[in-house]
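As stored in target-v7.txt (compact mmCIF, C-alpha atoms):
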```txt
# COMPACT_ATOMS: atom_id res chain seq x y z
CA MET A 1 -53.67 89.61 -0.21
CA SER A 2 -52.65 88.06 -3.53
CA TYR A 3 -49.77 86.27 -1.80
CA LYS A 4 -52.29 84.48 0.47
CA ILE A 5 -54.30 83.40 -2.57
CA ILE A 6 -51.19 81.94 -4.18
CA ILE A 7 -50.39 80.03 -0.99
CA GLU A 8 -53.96 78.69 -0.80
CA VAL A 9 -53.92 77.59 -4.45
CA ASN A 10 -50.54 75.93 -3.89
CA ASN A 11 -51.89 74.11 -0.81
CA LEU A 12 -54.96 73.00 -2.75
CA MET A 13 -52.80 71.62 -5.57
CA THR A 14 -50.61 69.80 -3.04
CA ASN A 15 -53.71 68.21 -1.51
CA ILE A 16 -55.09 67.21 -4.89
CA ARG A 17 -51.73 65.74 -5.88
CA GLU A 18 -51.55 63.74 -2.64
CA ILE A 19 -55.14 62.51 -2.97
CA PHE A 20 -54.49 61.48 -6.57
CA ALA A 21 -51.26 59.68 -5.62
CA LYS A 22 -52.90 57.78 -2.76
CA ASN A 23 -55.91 56.77 -4.86
CA LEU A 24 -53.81 55.68 -7.83
CA LYS A 25 -51.72 53.43 -5.61
CA GLN A 26 -54.79 51.98 -3.87
CA PHE A 27 -56.56 51.16 -7.12
CA ARG A 28 -53.41 49.63 -8.61
CA GLN A 29 -52.67 47.54 -5.53
CA ALA A 30 -56.31 46.40 -5.28
CA ARG A 31 -55.82 44.71 -8.62
CA GLY A 32 -52.57 43.16 -7.53
CA TRP A 33 -50.73 45.01 -10.27
CA SER A 34 -47.14 46.16 -10.19
CA GLN A 35 -46.19 49.67 -11.23
CA ALA A 36 -44.56 48.10 -14.29
CA TYR A 37 -47.82 46.41 -15.32
CA LEU A 38 -49.81 49.64 -14.97
CA ALA A 39 -47.10 51.48 -16.89
CA GLU A 40 -47.35 48.94 -19.70
CA LYS A 41 -51.15 49.26 -19.85
CA THR A 42 -50.92 53.06 -20.02
CA GLU A 43 -47.86 53.30 -22.29
CA ALA A 44 -45.91 55.09 -19.55
CA SER A 45 -42.68 54.29 -17.79
CA THR A 46 -42.52 52.49 -14.47
CA ASN A 47 -40.54 55.44 -13.14
CA TYR A 48 -43.36 57.83 -14.13
CA ILE A 49 -46.01 55.71 -12.37
CA GLY A 50 -43.79 55.74 -9.27
CA MET A 51 -43.48 59.53 -9.44
CA LEU A 52 -47.27 59.86 -9.72
CA GLU A 53 -47.78 57.59 -6.71
CA ASN A 54 -45.24 59.58 -4.69
CA SER A 55 -46.77 62.98 -5.54
CA ILE A 56 -43.64 64.02 -7.44
CA LYS A 57 -45.41 64.41 -10.78
CA PHE A 58 -48.98 65.27 -11.71
CA PRO A 59 -50.53 63.69 -14.82
CA SER A 60 -51.97 65.37 -17.88
CA SER A 61 -55.69 64.97 -18.49
CA GLU A 62 -54.82 62.46 -21.22
CA MET A 63 -52.84 60.35 -18.74
CA VAL A 64 -55.64 60.54 -16.16
CA GLN A 65 -57.95 59.11 -18.81
CA LYS A 66 -55.47 56.34 -19.70
CA LEU A 67 -55.06 55.42 -16.04
CA ALA A 68 -58.82 55.36 -15.47
CA VAL A 69 -59.39 53.15 -18.52
CA ALA A 70 -56.62 50.78 -17.47
CA LEU A 71 -57.96 50.58 -13.92
CA ASP A 72 -61.58 50.35 -15.13
CA ILE A 73 -62.71 53.28 -12.99
CA ASP A 74 -64.20 56.71 -13.53
CA PRO A 75 -61.45 59.35 -13.81
CA THR A 76 -63.02 61.30 -10.96
CA ASP A 77 -62.37 58.33 -8.65
CA LEU A 78 -58.70 59.22 -8.78
CA PHE A 79 -59.45 62.61 -7.19
CA SER A 80 -62.03 61.55 -4.62
CA LYS A 81 -61.31 62.24 -0.95
CA GLU A 82 -64.01 59.79 0.01
CA ASN A 83 -63.04 56.58 1.72
CA ASP A 84 -65.48 54.64 -0.43
CA HIS A 85 -62.48 53.11 -2.18
CA ILE A 86 -62.47 50.39 0.43
CA SER A 87 -65.94 49.27 -0.60
CA PHE A 88 -64.95 49.54 -4.26
CA ILE A 89 -61.88 47.39 -3.63
CA LYS A 90 -63.90 44.81 -1.68
CA ASN A 91 -66.50 44.67 -4.46
CA TYR A 92 -63.76 44.36 -7.06
CA GLN A 93 -62.13 41.53 -5.14
CA LYS A 94 -65.50 39.82 -4.76
CA THR A 95 -66.12 40.09 -8.50
CA VAL A 96 -62.67 38.68 -9.28
CA LEU A 97 -63.21 35.78 -6.88
CA GLU A 98 -66.61 35.06 -8.44
CA ASP A 99 -65.03 35.11 -11.91
CA VAL A 100 -62.28 32.74 -10.81
CA GLN A 101 -64.82 30.41 -9.21
CA SER A 102 -66.90 30.43 -12.39
CA ILE A 103 -63.85 29.60 -14.52
CA ILE A 104 -62.90 26.74 -12.19
CA ASN A 105 -66.45 25.38 -12.23
CA ASN A 106 -66.55 25.51 -16.03
CA LEU A 107 -63.22 23.70 -16.28
CA PHE A 108 -64.38 20.98 -13.87
CA ASN A 109 -67.66 20.57 -15.75
CA GLU A 110 -65.84 20.27 -19.06
CA LYS A 111 -63.48 17.68 -17.59
CA ILE A 112 -66.39 15.69 -16.14
CA GLN A 113 -68.15 15.74 -19.50
CA LEU A 114 -65.00 14.52 -21.24
CA LEU A 115 -64.55 11.71 -18.71
CA GLU A 116 -68.22 10.69 -19.03
CA LYS A 117 -67.91 10.69 -22.82
CA GLU A 118 -64.78 8.55 -22.64
CA GLN A 119 -66.52 6.18 -20.23
CA SER A 120 -69.55 5.83 -22.53
CA ASP A 121 -67.31 5.30 -25.57
CA HIS A 122 -65.58 2.39 -23.79
CA ASP A 123 -68.87 0.76 -22.77
```
Same coordinates, now as structure tokens:
Amino acid sequence: MSYKIIIEVNNLMTNIREIFAKNLKQFRQARGWSQAYLAEKTEASTNYIGMLENSIKFPSSEMVQKLAVALDIDPTDLFSKENDHISFIKNYQKTVLEDVQSIINNLFNEKIQLLEKEQSDHD
């Protein structure tokens, strides 16, 4: 009986590790980040991030927290089996696009103001 429990716990850990690996990779890729960039943000090696994403290693609780902070997500999102990551990614992309559009608009407005000021100075 205890052997079956050990097998079940081992299977559960394998599933958790695979879910974590898949989610980590999805969240990283949604941001357009390389493994090297995420490694830099979390003070880890690129090799370690690769091992996490390939279910070879499992992170400490401290590393889970670092990853979540770097990715700007709740740590539990890394362990979620839900497929709501797609909506998160779409919302994240929408927010990024809105931010980029706002920056571009601000730059254009500043340029227009400078040109108008130059025009009025010459008149």
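Close contacts of range 61-77 of chain A, defined as residues with an atom at most 9 Å away when counting all atoms listed in the file, with chain neighbours fewer than 5 positions off set aside, comprise Phe20, Asn23, Leu24, Phe27, Arg28, Arg31, Leu38, Ala39, Lys41, Thr42, Glu43, Ala44, Glu82 and His85 of chain A.
Comparing A:Ser80, A:Gln93, A:Gln101, A:Gln113 by their smallest distance to Ala30 in chain A, the closest is A:Gln93 (using all atoms listed in the file).
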Would you work out the distance separating CA of Met51 in chain A from CA of Ala36 in chain A, expressed in Å to one decimal?
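Result for CA of Met51 in chain A versus CA of Ala36 in chain A: 12.5 Å, one decimal.
Between CA of Asn105 in chain A and CA of Asp121 in chain A the separation is 24.1 Å.
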Nearest candidate to Thr46 in chain A (options A:Tyr92, A:Phe79, A:Trp33, A:Phe108; using all atoms listed in the file)
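Answer, going by the shortest atom-to-atom distance: A:Trp33.
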Expressed in Å, the length from CA of Leu78 in chain A to CA of Pro59 in chain A is 11.1 Å
Counting all atoms listed in the file, which of A:Phe58, A:Leu115, A:Gly50, A:Ser45 gets nearest to Asn15 in chain A?
A:Phe58
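Among the candidates A:Ser34, A:Leu97, A:Tyr48, A:Ser120, the residue lying nearest to Ala21 in chain A is A:Tyr48 (atoms considered: all atoms listed in the file).
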